[in-house]
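Here the structure is laid out as structure tokens; the discussion comes afterwards.
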Amino acid sequence: MLQVDLVDLVLTVCALGNPTDCRTEHLYFESRGSLVQCMVLAPAEIAKWSEQHRELKVTRWTCAFPDEGREI
């Protein structure tokens, strides 16, 4: 079985109607070798996600490798 390395785009999102109502969202996609690649690809991924979640605003984001024990 082929294992795909993933990168975790971690978003902090807040409700537009209540800016103190925030949560963390995780977007996973194929790693292209480094977190720098994630940082380059992130704005487009965030824009796509934001289009589908218009009631939320992305206030912060970062890239990380997923935790080993985390179920995706």
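Scheme for the structure tokens: letters A, B, ... for chains in order shown; per-chain residue numbers from 1; ligand numbers from 1 in order shown.
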
Show which residues sit within 12 Å of A:Leu41, as a list in words. Count only C-alpha atoms, and ignore same-chain residues fewer than 6 positions away. Val7, Asp8, Leu9, Leu27, Tyr28, Phe29, Glu30, Ser31, Arg32, Ser34, Leu35, Ala47, Lys48, Thr62 and Cys63 of chain A

Once you have the residues from the selection above, write them out as a PDB file, in the first residue's frame, restricted to C-alpha atoms.
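What follows is the written file again-v9.pdb:
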ATOM      1  CA  VAL A   7       0.490  18.297   5.619  1.00  0.00           C
ATOM      2  CA  ASP A   8      -2.006  19.927   7.981  1.00  0.00           C
ATOM      3  CA  LEU A   9      -3.191  23.443   7.198  1.00  0.00           C
ATOM      4  CA  LEU A  27      -7.348  20.964   6.056  1.00  0.00           C
ATOM      5  CA  TYR A  28      -5.163  18.080   4.969  1.00  0.00           C
ATOM      6  CA  PHE A  29      -3.508  17.730   1.624  1.00  0.00           C
ATOM      7  CA  GLU A  30      -0.560  15.958   0.069  1.00  0.00           C
ATOM      8  CA  SER A  31       2.791  17.204   1.255  1.00  0.00           C
ATOM      9  CA  ARG A  32       5.040  18.325  -1.547  1.00  0.00           C
ATOM     10  CA  SER A  34       8.139  20.739   3.056  1.00  0.00           C
ATOM     11  CA  LEU A  35       6.109  23.119   5.154  1.00  0.00           C
ATOM     12  CA  ALA A  47      -9.731  30.944  -0.443  1.00  0.00           C
ATOM     13  CA  LYS A  48     -11.508  27.747  -1.591  1.00  0.00           C
ATOM     14  CA  THR A  62      -0.263  27.833   9.951  1.00  0.00           C
ATOM     15  CA  CYS A  63       1.134  24.687   8.405  1.00  0.00           C
TER      16      CYS A  63
END

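Coordinates place atom CA of A:Pro66 at a distance of 24.4 Å from atom CA of A:Glu51.
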
So which residues touch A:Ser50 within 12 Å, counting only C-alpha atoms, skipping near sequence neighbours fewer than 6 positions away, as JSON, numbers by chain? {"A": [11, 12, 13, 14, 15, 16, 25, 27, 42, 43, 44, 56, 57, 58, 59]}

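If you look at atom CA of A:Cys38 and atom CA of A:Glu55, they are 24.7 Å away from each other.
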
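Checking A:Asp21, A:Asp67, A:Arg60, A:Asp5 one by one against A:Ile46, counting only C-alpha atoms, you find the shortest gap at A:Arg60.
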
Residues flagged strand (DSSP E) by DSSP in chain A, as JSON, numbers by chain: {"A": [6, 7, 8, 9, 10, 11, 12, 13, 14, 15, 18, 19, 20, 21, 22, 23, 24, 25, 26, 27, 28, 29, 30, 56, 57, 58, 59, 60, 61, 62, 63, 64]}

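One distance worth recording is that between atom CA of A:Leu6 and atom CA of A:Glu45, which is 14.3 Å.
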
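Of all the residues in stretch 2-62 of chain A, the ones DSSP labels as helix (DSSP H, G or I) from the backbone are Leu35, Val36, Gln37, Cys38, Met39, Val40, Leu41, Ala42, Pro43, Ala44, Glu45, Ile46, Ala47, Lys48, Trp49, Ser50, Glu51 and Gln52 of chain A.
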